[in-house]
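Trainee: The following file, target_39.cif, comprises mmCIF, C-alpha atoms:
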```
data_work
loop_
_atom_site.group_PDB
_atom_site.id
_atom_site.type_symbol
_atom_site.label_atom_id
_atom_site.label_comp_id
_atom_site.auth_asym_id
_atom_site.auth_seq_id
_atom_site.Cartn_x
_atom_site.Cartn_y
_atom_site.Cartn_z
ATOM 1 C CA MET A 11 -16.682 43.939 -1.013
ATOM 2 C CA LYS A 12 -17.520 44.652 -4.657
ATOM 3 C CA LYS A 13 -19.686 41.981 -6.243
ATOM 4 C CA PHE A 14 -17.525 39.470 -8.101
ATOM 5 C CA LYS A 15 -18.456 38.553 -11.683
ATOM 6 C CA ALA A 16 -17.428 34.998 -12.481
ATOM 7 C CA ASN A 17 -15.463 34.366 -15.656
ATOM 8 C CA THR A 18 -16.957 31.132 -16.948
ATOM 9 C CA ASP A 19 -14.463 31.113 -19.846
ATOM 10 C CA ILE A 20 -11.836 29.932 -17.356
ATOM 11 C CA GLY A 21 -14.168 27.581 -15.523
ATOM 12 C CA GLN A 22 -15.338 29.853 -12.721
ATOM 13 C CA ASN A 23 -18.368 27.903 -11.576
ATOM 14 C CA PHE A 24 -18.012 28.154 -7.809
ATOM 15 C CA LEU A 25 -19.168 25.214 -5.722
ATOM 16 C CA VAL A 26 -21.564 26.494 -3.044
ATOM 17 C CA ASP A 27 -23.395 23.374 -1.836
ATOM 18 C CA THR A 28 -22.203 22.777 1.732
ATOM 19 C CA ARG A 29 -23.080 19.087 1.687
ATOM 20 C CA ILE A 30 -21.010 18.483 -1.436
ATOM 21 C CA LEU A 31 -18.074 20.439 -0.026
ATOM 22 C CA ASN A 32 -18.155 18.365 3.147
ATOM 23 C CA LYS A 33 -18.327 15.100 1.181
ATOM 24 C CA ILE A 34 -15.278 16.122 -0.874
ATOM 25 C CA VAL A 35 -13.236 16.917 2.222
ATOM 26 C CA ALA A 36 -14.324 13.689 3.906
ATOM 27 C CA ALA A 37 -13.297 11.680 0.845
ATOM 28 C CA ALA A 38 -9.764 13.070 1.079
ATOM 29 C CA GLU A 39 -9.312 11.409 4.494
ATOM 30 C CA ILE A 40 -6.869 14.112 5.594
ATOM 31 C CA ILE A 41 -4.503 13.371 8.466
ATOM 32 C CA SER A 42 -1.966 15.538 10.278
ATOM 33 C CA GLU A 43 0.954 14.425 8.054
ATOM 34 C CA ASP A 44 -0.797 15.370 4.804
ATOM 35 C CA VAL A 45 0.355 18.127 2.488
ATOM 36 C CA ILE A 46 -2.513 19.006 0.122
ATOM 37 C CA LEU A 47 -2.644 20.766 -3.238
ATOM 38 C CA GLU A 48 -5.848 22.588 -4.184
ATOM 39 C CA ILE A 49 -6.110 23.631 -7.844
ATOM 40 C CA GLY A 50 -8.502 26.498 -8.542
ATOM 41 C CA ALA A 51 -9.084 27.987 -5.101
ATOM 42 C CA GLY A 52 -11.814 30.363 -6.311
ATOM 43 C CA LYS A 53 -13.391 32.250 -3.433
ATOM 44 C CA GLY A 54 -11.803 29.944 -0.894
ATOM 45 C CA VAL A 55 -14.909 28.022 0.163
ATOM 46 C CA LEU A 56 -13.190 24.645 -0.183
ATOM 47 C CA THR A 57 -9.922 26.164 1.045
ATOM 48 C CA ARG A 58 -11.521 27.081 4.367
ATOM 49 C CA ARG A 59 -12.854 23.580 4.842
ATOM 50 C CA LEU A 60 -9.486 22.044 4.062
ATOM 51 C CA LEU A 61 -7.889 24.311 6.656
ATOM 52 C CA GLY A 62 -10.484 23.041 9.089
ATOM 53 C CA THR A 63 -8.886 19.580 8.932
ATOM 54 C CA PRO A 64 -5.617 18.461 10.584
ATOM 55 C CA VAL A 65 -3.773 19.156 7.292
ATOM 56 C CA ARG A 66 -0.066 19.839 7.775
ATOM 57 C CA HIS A 67 0.164 22.273 4.841
ATOM 58 C CA LEU A 68 -2.172 23.424 2.068
ATOM 59 C CA HIS A 69 -1.013 24.755 -1.294
ATOM 60 C CA SER A 70 -3.748 26.602 -3.209
ATOM 61 C CA VAL A 71 -3.239 27.607 -6.833
ATOM 62 C CA GLU A 72 -5.420 30.297 -8.409
ATOM 63 C CA ILE A 73 -5.066 32.055 -11.764
ATOM 64 C CA ASP A 74 -7.424 35.013 -11.200
ATOM 65 C CA ARG A 75 -5.941 37.722 -8.975
ATOM 66 C CA ARG A 76 -9.352 39.385 -8.734
ATOM 67 C CA LEU A 77 -10.018 36.733 -6.102
ATOM 68 C CA ALA A 78 -7.286 38.042 -3.794
ATOM 69 C CA PRO A 79 -9.784 39.788 -1.447
ATOM 70 C CA PHE A 80 -11.363 36.382 -0.778
ATOM 71 C CA LEU A 81 -8.172 34.349 -0.500
ATOM 72 C CA SER A 82 -5.459 36.571 0.950
ATOM 73 C CA PRO A 83 -7.070 36.830 4.425
ATOM 74 C CA LEU A 84 -6.900 33.029 4.666
ATOM 75 C CA GLU A 85 -3.096 33.219 4.629
ATOM 76 C CA GLU A 86 -3.280 34.279 8.248
ATOM 77 C CA ASP A 87 -3.225 30.523 8.753
ATOM 78 C CA GLU A 88 0.478 29.713 8.396
ATOM 79 C CA ARG A 89 -0.381 26.304 6.973
ATOM 80 C CA LEU A 90 -1.653 27.933 3.743
ATOM 81 C CA THR A 91 0.444 29.028 0.763
ATOM 82 C CA ILE A 92 -1.300 30.625 -2.217
ATOM 83 C CA SER A 93 0.428 30.490 -5.602
ATOM 84 C CA TRP A 94 -0.982 32.874 -8.192
ATOM 85 C CA GLY A 95 -0.787 31.869 -11.834
ATOM 86 C CA ASP A 96 -1.662 29.269 -14.455
ATOM 87 C CA VAL A 97 -1.151 25.797 -13.016
ATOM 88 C CA LEU A 98 -0.296 24.486 -16.485
ATOM 89 C CA LYS A 99 2.665 26.871 -16.704
ATOM 90 C CA MET A 100 4.054 26.250 -13.222
ATOM 91 C CA ASP A 101 6.953 24.022 -12.290
ATOM 92 C CA LEU A 102 4.962 22.258 -9.601
ATOM 93 C CA ALA A 103 7.798 20.215 -8.170
ATOM 94 C CA GLU A 104 9.832 23.397 -7.712
ATOM 95 C CA ILE A 105 7.108 25.716 -6.415
ATOM 96 C CA LEU A 106 5.258 23.399 -4.051
ATOM 97 C CA ARG A 107 7.385 22.961 -0.952
ATOM 98 C CA PRO A 108 6.766 20.832 1.003
ATOM 99 C CA LEU A 109 5.643 18.525 -1.770
ATOM 100 C CA PRO A 110 1.966 17.462 -1.685
ATOM 101 C CA VAL A 111 0.842 13.893 -1.169
ATOM 102 C CA LYS A 112 -2.827 14.535 -2.051
ATOM 103 C CA ILE A 113 -4.779 16.794 -4.390
ATOM 104 C CA VAL A 114 -8.280 18.077 -3.713
ATOM 105 C CA ALA A 115 -9.683 20.180 -6.532
ATOM 106 C CA ASN A 116 -12.755 21.379 -8.378
ATOM 107 C CA LEU A 117 -10.966 21.372 -11.732
ATOM 108 C CA PRO A 118 -11.832 23.852 -14.497
ATOM 109 C CA TYR A 119 -13.404 21.461 -16.964
ATOM 110 C CA HIS A 120 -11.658 22.769 -20.082
ATOM 111 C CA ILE A 121 -8.219 21.871 -18.658
ATOM 112 C CA THR A 122 -9.055 18.633 -16.838
ATOM 113 C CA THR A 123 -7.001 16.337 -19.071
ATOM 114 C CA PRO A 124 -3.836 18.488 -19.297
ATOM 115 C CA VAL A 125 -3.912 19.168 -15.545
ATOM 116 C CA ILE A 126 -4.096 15.465 -14.685
ATOM 117 C CA TRP A 127 -1.296 14.675 -17.155
ATOM 118 C CA LYS A 128 0.815 17.416 -15.578
ATOM 119 C CA VAL A 129 0.249 16.012 -12.106
ATOM 120 C CA LEU A 130 1.162 12.511 -13.280
ATOM 121 C CA GLU A 131 4.331 13.829 -14.917
ATOM 122 C CA GLU A 132 5.579 16.230 -12.254
ATOM 123 C CA LEU A 133 4.142 15.066 -8.941
ATOM 124 C CA ALA A 134 3.367 11.342 -9.163
ATOM 125 C CA PRO A 135 7.066 10.386 -9.151
ATOM 126 C CA ARG A 136 7.512 12.681 -6.135
ATOM 127 C CA GLY A 137 4.882 11.314 -3.838
ATOM 128 C CA ILE A 138 1.297 12.119 -4.879
ATOM 129 C CA GLN A 139 -0.787 9.230 -3.596
ATOM 130 C CA LYS A 140 -4.396 10.338 -3.957
ATOM 131 C CA MET A 141 -6.529 12.837 -5.872
ATOM 132 C CA ILE A 142 -10.112 13.817 -5.123
ATOM 133 C CA LEU A 143 -11.245 15.671 -8.237
ATOM 134 C CA MET A 144 -14.467 17.292 -9.383
ATOM 135 C CA VAL A 145 -14.638 16.872 -13.157
ATOM 136 C CA GLN A 146 -17.262 16.990 -15.873
ATOM 137 C CA LYS A 147 -19.387 13.820 -15.737
ATOM 138 C CA GLU A 148 -18.475 12.935 -19.306
ATOM 139 C CA ALA A 149 -14.765 13.125 -18.437
ATOM 140 C CA ALA A 150 -15.325 11.001 -15.331
ATOM 141 C CA ASP A 151 -17.015 8.331 -17.419
ATOM 142 C CA ARG A 152 -13.926 8.142 -19.647
ATOM 143 C CA LEU A 153 -11.480 7.989 -16.746
ATOM 144 C CA VAL A 154 -13.382 5.546 -14.543
ATOM 145 C CA TRP A 155 -14.243 3.156 -17.365
ATOM 146 C CA GLY A 156 -12.276 -0.011 -16.592
ATOM 147 C CA LYS A 157 -13.327 -2.129 -19.539
ATOM 148 C CA PRO A 158 -12.266 -2.019 -23.186
ATOM 149 C CA GLY A 159 -14.566 0.193 -25.228
ATOM 150 C CA LYS A 160 -15.118 3.573 -26.831
ATOM 151 C CA ASN A 161 -14.508 5.404 -23.538
ATOM 152 C CA ARG A 162 -10.877 4.261 -23.550
ATOM 153 C CA SER A 163 -8.329 7.105 -23.733
ATOM 154 C CA PRO A 164 -4.550 7.464 -23.326
ATOM 155 C CA LEU A 165 -5.044 9.156 -19.963
ATOM 156 C CA GLY A 166 -7.503 6.514 -18.772
ATOM 157 C CA VAL A 167 -5.134 3.713 -19.787
ATOM 158 C CA THR A 168 -2.245 5.400 -17.982
ATOM 159 C CA LEU A 169 -4.252 5.881 -14.793
ATOM 160 C CA LEU A 170 -5.297 2.239 -14.971
ATOM 161 C CA ARG A 171 -1.648 1.159 -15.086
ATOM 162 C CA MET A 172 -0.560 3.599 -12.355
ATOM 163 C CA GLY A 173 -3.352 2.841 -9.908
ATOM 164 C CA SER A 174 -7.125 3.115 -9.928
ATOM 165 C CA VAL A 175 -9.965 5.564 -10.538
ATOM 166 C CA GLU A 176 -13.257 5.400 -8.654
ATOM 167 C CA LYS A 177 -16.443 7.376 -9.139
ATOM 168 C CA LEU A 178 -17.619 8.733 -5.781
ATOM 169 C CA PHE A 179 -20.769 10.749 -6.522
ATOM 170 C CA ASP A 180 -22.458 12.996 -9.087
ATOM 171 C CA VAL A 181 -23.009 16.714 -8.549
ATOM 172 C CA PRO A 182 -25.909 18.621 -10.200
ATOM 173 C CA PRO A 183 -25.459 22.059 -11.822
ATOM 174 C CA ASN A 184 -27.438 23.788 -9.054
ATOM 175 C CA ALA A 185 -24.621 23.030 -6.595
ATOM 176 C CA PHE A 186 -22.627 25.806 -8.294
ATOM 177 C CA ASN A 187 -22.889 29.544 -8.763
ATOM 178 C CA PRO A 188 -23.154 30.241 -11.637
ATOM 179 C CA PRO A 189 -24.452 26.784 -12.585
ATOM 180 C CA PRO A 190 -22.512 25.029 -15.376
ATOM 181 C CA ARG A 191 -24.359 23.601 -18.351
ATOM 182 C CA VAL A 192 -23.146 20.079 -17.601
ATOM 183 C CA ASP A 193 -23.358 17.560 -14.787
ATOM 184 C CA SER A 194 -20.292 16.953 -12.648
ATOM 185 C CA THR A 195 -18.768 13.969 -10.883
ATOM 186 C CA VAL A 196 -16.305 13.633 -8.028
ATOM 187 C CA ILE A 197 -13.714 10.914 -8.600
ATOM 188 C CA ALA A 198 -10.964 9.426 -6.450
ATOM 189 C CA VAL A 199 -7.638 8.589 -8.097
ATOM 190 C CA SER A 200 -5.184 6.378 -6.215
ATOM 191 C CA LEU A 201 -1.584 6.099 -7.442
ATOM 192 C CA ASP A 202 0.474 3.151 -6.258
ATOM 193 C CA ASN A 203 2.146 1.557 -9.279
ATOM 194 C CA SER A 204 4.622 2.486 -12.057
ATOM 195 C CA LEU A 205 4.767 6.073 -10.772
ATOM 196 C CA GLY A 206 7.206 7.175 -13.478
ATOM 197 C CA LEU A 207 5.091 5.834 -16.334
ATOM 198 C CA ALA A 208 3.597 9.168 -17.441
ATOM 199 C CA VAL A 209 7.031 10.692 -18.091
ATOM 200 C CA ASN A 210 8.236 7.762 -20.143
ATOM 201 C CA PRO A 211 8.527 8.980 -23.754
ATOM 202 C CA LEU A 212 8.149 5.512 -25.276
ATOM 203 C CA TRP A 213 4.919 4.862 -23.343
ATOM 204 C CA ARG A 214 3.485 8.240 -24.307
ATOM 205 C CA GLU A 215 4.377 7.756 -27.958
ATOM 206 C CA LEU A 216 2.874 4.266 -27.908
ATOM 207 C CA LEU A 217 -0.424 5.668 -26.645
ATOM 208 C CA ARG A 218 -0.359 8.685 -28.953
ATOM 209 C CA ARG A 219 0.093 6.537 -32.033
ATOM 210 C CA SER A 220 -2.240 3.756 -30.913
ATOM 211 C CA PHE A 221 -5.147 6.173 -30.404
ATOM 212 C CA SER A 222 -4.252 8.630 -33.189
ATOM 213 C CA GLN A 223 -7.004 7.426 -35.518
ATOM 214 C CA ARG A 224 -9.544 5.483 -33.532
ATOM 215 C CA ARG A 225 -11.286 3.951 -36.535
ATOM 216 C CA LYS A 226 -8.031 2.394 -37.724
ATOM 217 C CA THR A 227 -6.709 -0.896 -36.423
ATOM 218 C CA LEU A 228 -3.879 -0.906 -33.907
ATOM 219 C CA PHE A 229 -1.527 -2.310 -36.533
ATOM 220 C CA ASN A 230 -2.353 0.414 -39.056
ATOM 221 C CA ASN A 231 -1.714 3.102 -36.442
ATOM 222 C CA LEU A 232 1.601 1.582 -35.390
ATOM 223 C CA LYS A 233 3.109 0.244 -38.607
ATOM 224 C CA SER A 234 4.780 3.556 -39.522
ATOM 225 C CA TRP A 235 6.461 3.858 -36.098
ATOM 226 C CA GLU A 236 10.087 3.098 -36.803
ATOM 227 C CA VAL A 237 10.858 1.347 -33.518
ATOM 228 C CA LEU A 238 9.795 -1.783 -35.414
ATOM 229 C CA SER A 239 9.329 -2.537 -39.088
ATOM 230 C CA PRO A 240 5.797 -3.244 -40.332
ATOM 231 C CA ALA A 241 6.614 -6.947 -40.488
ATOM 232 C CA GLN A 242 7.985 -6.842 -36.937
ATOM 233 C CA TRP A 243 4.888 -5.028 -35.701
ATOM 234 C CA GLU A 244 2.733 -7.723 -37.270
ATOM 235 C CA CYS A 245 4.715 -10.453 -35.492
ATOM 236 C CA PHE A 246 4.824 -8.497 -32.235
ATOM 237 C CA LEU A 247 1.052 -8.080 -32.078
ATOM 238 C CA ARG A 248 0.521 -11.705 -33.010
ATOM 239 C CA ASP A 249 2.872 -12.831 -30.232
ATOM 240 C CA LEU A 250 0.795 -10.795 -27.773
ATOM 241 C CA GLY A 251 -2.284 -12.717 -28.896
ATOM 242 C CA LEU A 252 -3.914 -9.644 -30.441
ATOM 243 C CA ARG A 253 -6.085 -10.290 -33.468
ATOM 244 C CA ASP A 254 -5.372 -8.535 -36.777
ATOM 245 C CA ARG A 255 -8.333 -6.139 -36.715
ATOM 246 C CA ILE A 256 -8.161 -5.071 -33.074
ATOM 247 C CA ARG A 257 -8.307 -1.350 -32.233
ATOM 248 C CA ALA A 258 -6.567 0.422 -29.356
ATOM 249 C CA GLU A 259 -9.842 0.974 -27.499
ATOM 250 C CA GLU A 260 -10.409 -2.788 -27.373
ATOM 251 C CA LEU A 261 -7.260 -3.615 -25.385
ATOM 252 C CA SER A 262 -7.600 -4.592 -21.735
ATOM 253 C CA GLY A 263 -5.377 -3.316 -18.967
ATOM 254 C CA GLU A 264 -3.483 -6.613 -19.099
ATOM 255 C CA ASN A 265 -2.995 -6.179 -22.852
ATOM 256 C CA TRP A 266 -1.388 -2.775 -22.300
ATOM 257 C CA GLU A 267 0.892 -4.183 -19.604
ATOM 258 C CA ASP A 268 1.948 -7.004 -21.939
ATOM 259 C CA PHE A 269 2.503 -4.389 -24.648
ATOM 260 C CA ARG A 270 4.741 -2.393 -22.340
ATOM 261 C CA THR A 271 6.827 -5.305 -21.106
ATOM 262 C CA GLY A 272 7.093 -6.724 -24.636
ATOM 263 C CA LEU A 273 8.516 -3.479 -25.977
ATOM 264 C CA GLU A 274 10.876 -3.336 -23.000
ATOM 265 C CA LYS A 275 12.405 -6.586 -24.157
ATOM 266 C CA VAL A 276 12.540 -5.539 -27.789
ATOM 267 C CA LYS A 277 13.850 -1.998 -27.325
ATOM 268 C CA GLY A 278 15.855 -2.314 -24.136
ATOM 269 C CA GLY A 279 13.657 -0.527 -21.650
ATOM 270 C CA PHE A 280 10.930 1.919 -20.878
#
```
As structure tokens, what does this structure read like?
Mentor:
Amino acid sequence: MKKFKANTDIGQNFLVDTRILNKIVAAAEIISEDVILEIGAGKGVLTRRLLGTPVRHLHSVEIDRRLAPFLSPLEEDERLTISWGDVLKMDLAEILRPLPVKIVANLPYHITTPVIWKVLEELAPRGIQKMILMVQKEAADRLVWGKPGKNRSPLGVTLLRMGSVEKLFDVPPNAFNPPPRVDSTVIAVSLDNSLGLAVNPLWRELLRRSFSQRRKTLFNNLKSWEVLSPAQWECFLRDLGLRDRIRAEELSGENWEDFRTGLEKVKGGF
């Protein structure tokens, strides 16, 4: 087989460390009823290990058709379906049949956030329960961070309200070929609450506006949002017990839940 030249522009840093691969598969806790989605199959190293479990069905998505010589032979296992294309442009709920309940993926780091949002929008309401994801360490720190602070992000807040995010272990650059220039972390995402939250337009707009200018106060970011007048926003935030100068990154998970339920009452529903 002709030597394959990785395209690092699309995140082709292939995981080659056997110990790390085995730890990822073990973390997924795959049972015979599980349907799994793998995003970024690469050369199929993780794919093979997933097929070595009792998995009921494995969907593998890969954008680079140059990898067909590595992946196509694996389809001899009738439990595997390979979908070629850009995961961000796919209608996942339509393409992936049977629907997955877990995701195991070494995500291309430049699309980590949009991929997770897409999963929350399209698959969380349809049964995704768990994700074992390899992401850039810096991204993991933002997603796992459970306390108010500068690491807060709209995606992190949403995951906090929909379930939980746990850091499992770090992965050094030398576990990949070619090695990336950053450290990596494997995280576990569990989804068990408010599974339609990510597709709610009012919730998404609330987060977008709240975090739009981080150095501004929450009130200054929200006061131009016409769902309430500036005076109403001032009263609304005061009723939630939020001080005048508070910023979005300083809100706790409970604050965001109070925010959500308060707007439900004011506007008639999320």
Trainee: Report as an MDAnalysis selection string the residues that result from applying the PyMOL selection byres ((chain A and resi 129) around 12) to the structure here.
Mentor: chainID A and resid 47:49 97:98 100:103 109:113 122:128 130:141 165 169 199 201 205:206 208:209
Trainee: Can you tell me which residues surround segment 149-163 of chain A at a distance of at most 6 Å, considering only C-alpha atoms, apart from same-chain residues fewer than 4 positions away, and format the answer as a PyMOL selection string?
Mentor: chain A and resi 175-176+259-262
Trainee: Return as a PDB file with C-alpha atoms, in the coordinates of the input the set of residues that the PyMOL selection byres ((chain A and resi 183) around 12) yields on the displayed structure.
Mentor:
```
ATOM      1  CA  ASN A  23     -18.368  27.903 -11.576  1.00  0.00           C
ATOM      2  CA  PHE A  24     -18.012  28.154  -7.809  1.00  0.00           C
ATOM      3  CA  LEU A  25     -19.168  25.214  -5.722  1.00  0.00           C
ATOM      4  CA  VAL A  26     -21.564  26.494  -3.044  1.00  0.00           C
ATOM      5  CA  ASP A  27     -23.395  23.374  -1.836  1.00  0.00           C
ATOM      6  CA  ILE A  30     -21.010  18.483  -1.436  1.00  0.00           C
ATOM      7  CA  GLN A 146     -17.262  16.990 -15.873  1.00  0.00           C
ATOM      8  CA  LYS A 147     -19.387  13.820 -15.737  1.00  0.00           C
ATOM      9  CA  ASP A 180     -22.458  12.996  -9.087  1.00  0.00           C
ATOM     10  CA  VAL A 181     -23.009  16.714  -8.549  1.00  0.00           C
ATOM     11  CA  PRO A 182     -25.909  18.621 -10.200  1.00  0.00           C
ATOM     12  CA  ASN A 184     -27.438  23.788  -9.054  1.00  0.00           C
ATOM     13  CA  ALA A 185     -24.621  23.030  -6.595  1.00  0.00           C
ATOM     14  CA  PHE A 186     -22.627  25.806  -8.294  1.00  0.00           C
ATOM     15  CA  ASN A 187     -22.889  29.544  -8.763  1.00  0.00           C
ATOM     16  CA  PRO A 188     -23.154  30.241 -11.637  1.00  0.00           C
ATOM     17  CA  PRO A 189     -24.452  26.784 -12.585  1.00  0.00           C
ATOM     18  CA  PRO A 190     -22.512  25.029 -15.376  1.00  0.00           C
ATOM     19  CA  ARG A 191     -24.359  23.601 -18.351  1.00  0.00           C
ATOM     20  CA  VAL A 192     -23.146  20.079 -17.601  1.00  0.00           C
ATOM     21  CA  ASP A 193     -23.358  17.560 -14.787  1.00  0.00           C
ATOM     22  CA  SER A 194     -20.292  16.953 -12.648  1.00  0.00           C
ATOM     23  CA  THR A 195     -18.768  13.969 -10.883  1.00  0.00           C
TER      24      THR A 195
END
```
Trainee: State, in Å with one decimal place, the distance from atom CA of Phe246 of chain A to atom CA of Trp266 of chain A.
Mentor: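 Atom CA of Trp266 of chain A lies 13.0 Å from atom CA of Phe246 of chain A.
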Trainee: Pick from A:Phe179, A:Phe269, A:Trp213, A:Phe221: nearest to Asp249 of chain A, with all atoms listed in the file counted?
Mentor: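 Closest residue, counting all atoms listed in the file: A:Phe269.
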Trainee: Separation of atom CA of Thr91 of chain A and atom CA of Pro108 of chain A, in Å?
Mentor: 10.4 Å
Trainee: Smallest atom-to-atom distance to Ile46 of chain A: which of A:Ser70, A:Asn231, A:Asn210, A:Asn203, using all atoms listed in the file?
Mentor: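 Of A:Ser70, A:Asn231, A:Asn210, A:Asn203, the one nearest Ile46 of chain A, counting all atoms listed in the file, is A:Ser70.
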Trainee: Kindly provide, as a list of chain:residue names, the polymer residues lying within 10 Å of (5.8, -4.1, -31.1), counting only C-alpha atoms and using the coordinates exactly as they appear in the file.
Mentor: A:Leu216, A:Phe229, A:Leu232, A:Lys233, A:Trp235, A:Val237, A:Leu238, A:Ser239, A:Pro240, A:Ala241, A:Gln242, A:Trp243, A:Glu244, A:Cys245, A:Phe246, A:Leu247, A:Arg248, A:Asp249, A:Leu250, A:Phe269, A:Arg270, A:Gly272, A:Leu273, A:Glu274, A:Lys275, A:Val276, A:Lys277
Trainee: Find the distance between atom CA of Glu86 of chain A and atom CA of Val71 of chain A and write it in Å to one decimal.
Mentor: 16.5 Å
Trainee: Would you write out, as number ranges by chain, every residue that the PyMOL selection byres ((chain A and resi 255) around 8) captures in this file?
Mentor: A: 227-229, 253-254, 256-257
Trainee: Output the selection as a PDB file, in the coordinates of the input - C-alpha atoms for each residue.
Mentor:
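selection.pdb, freshly written:
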```pdb
ATOM      1  CA  THR A 227      -6.709  -0.896 -36.423  1.00  0.00           C
ATOM      2  CA  LEU A 228      -3.879  -0.906 -33.907  1.00  0.00           C
ATOM      3  CA  PHE A 229      -1.527  -2.310 -36.533  1.00  0.00           C
ATOM      4  CA  ARG A 253      -6.085 -10.290 -33.468  1.00  0.00           C
ATOM      5  CA  ASP A 254      -5.372  -8.535 -36.777  1.00  0.00           C
ATOM      6  CA  ILE A 256      -8.161  -5.071 -33.074  1.00  0.00           C
ATOM      7  CA  ARG A 257      -8.307  -1.350 -32.233  1.00  0.00           C
TER       8      ARG A 257
END
```
Trainee: Using all atoms listed in the file, which of the listed residues (A:Leu60, A:Leu252, A:Val65, A:Asn230) sits closest to Ile34 of chain A?
Mentor: A:Leu60
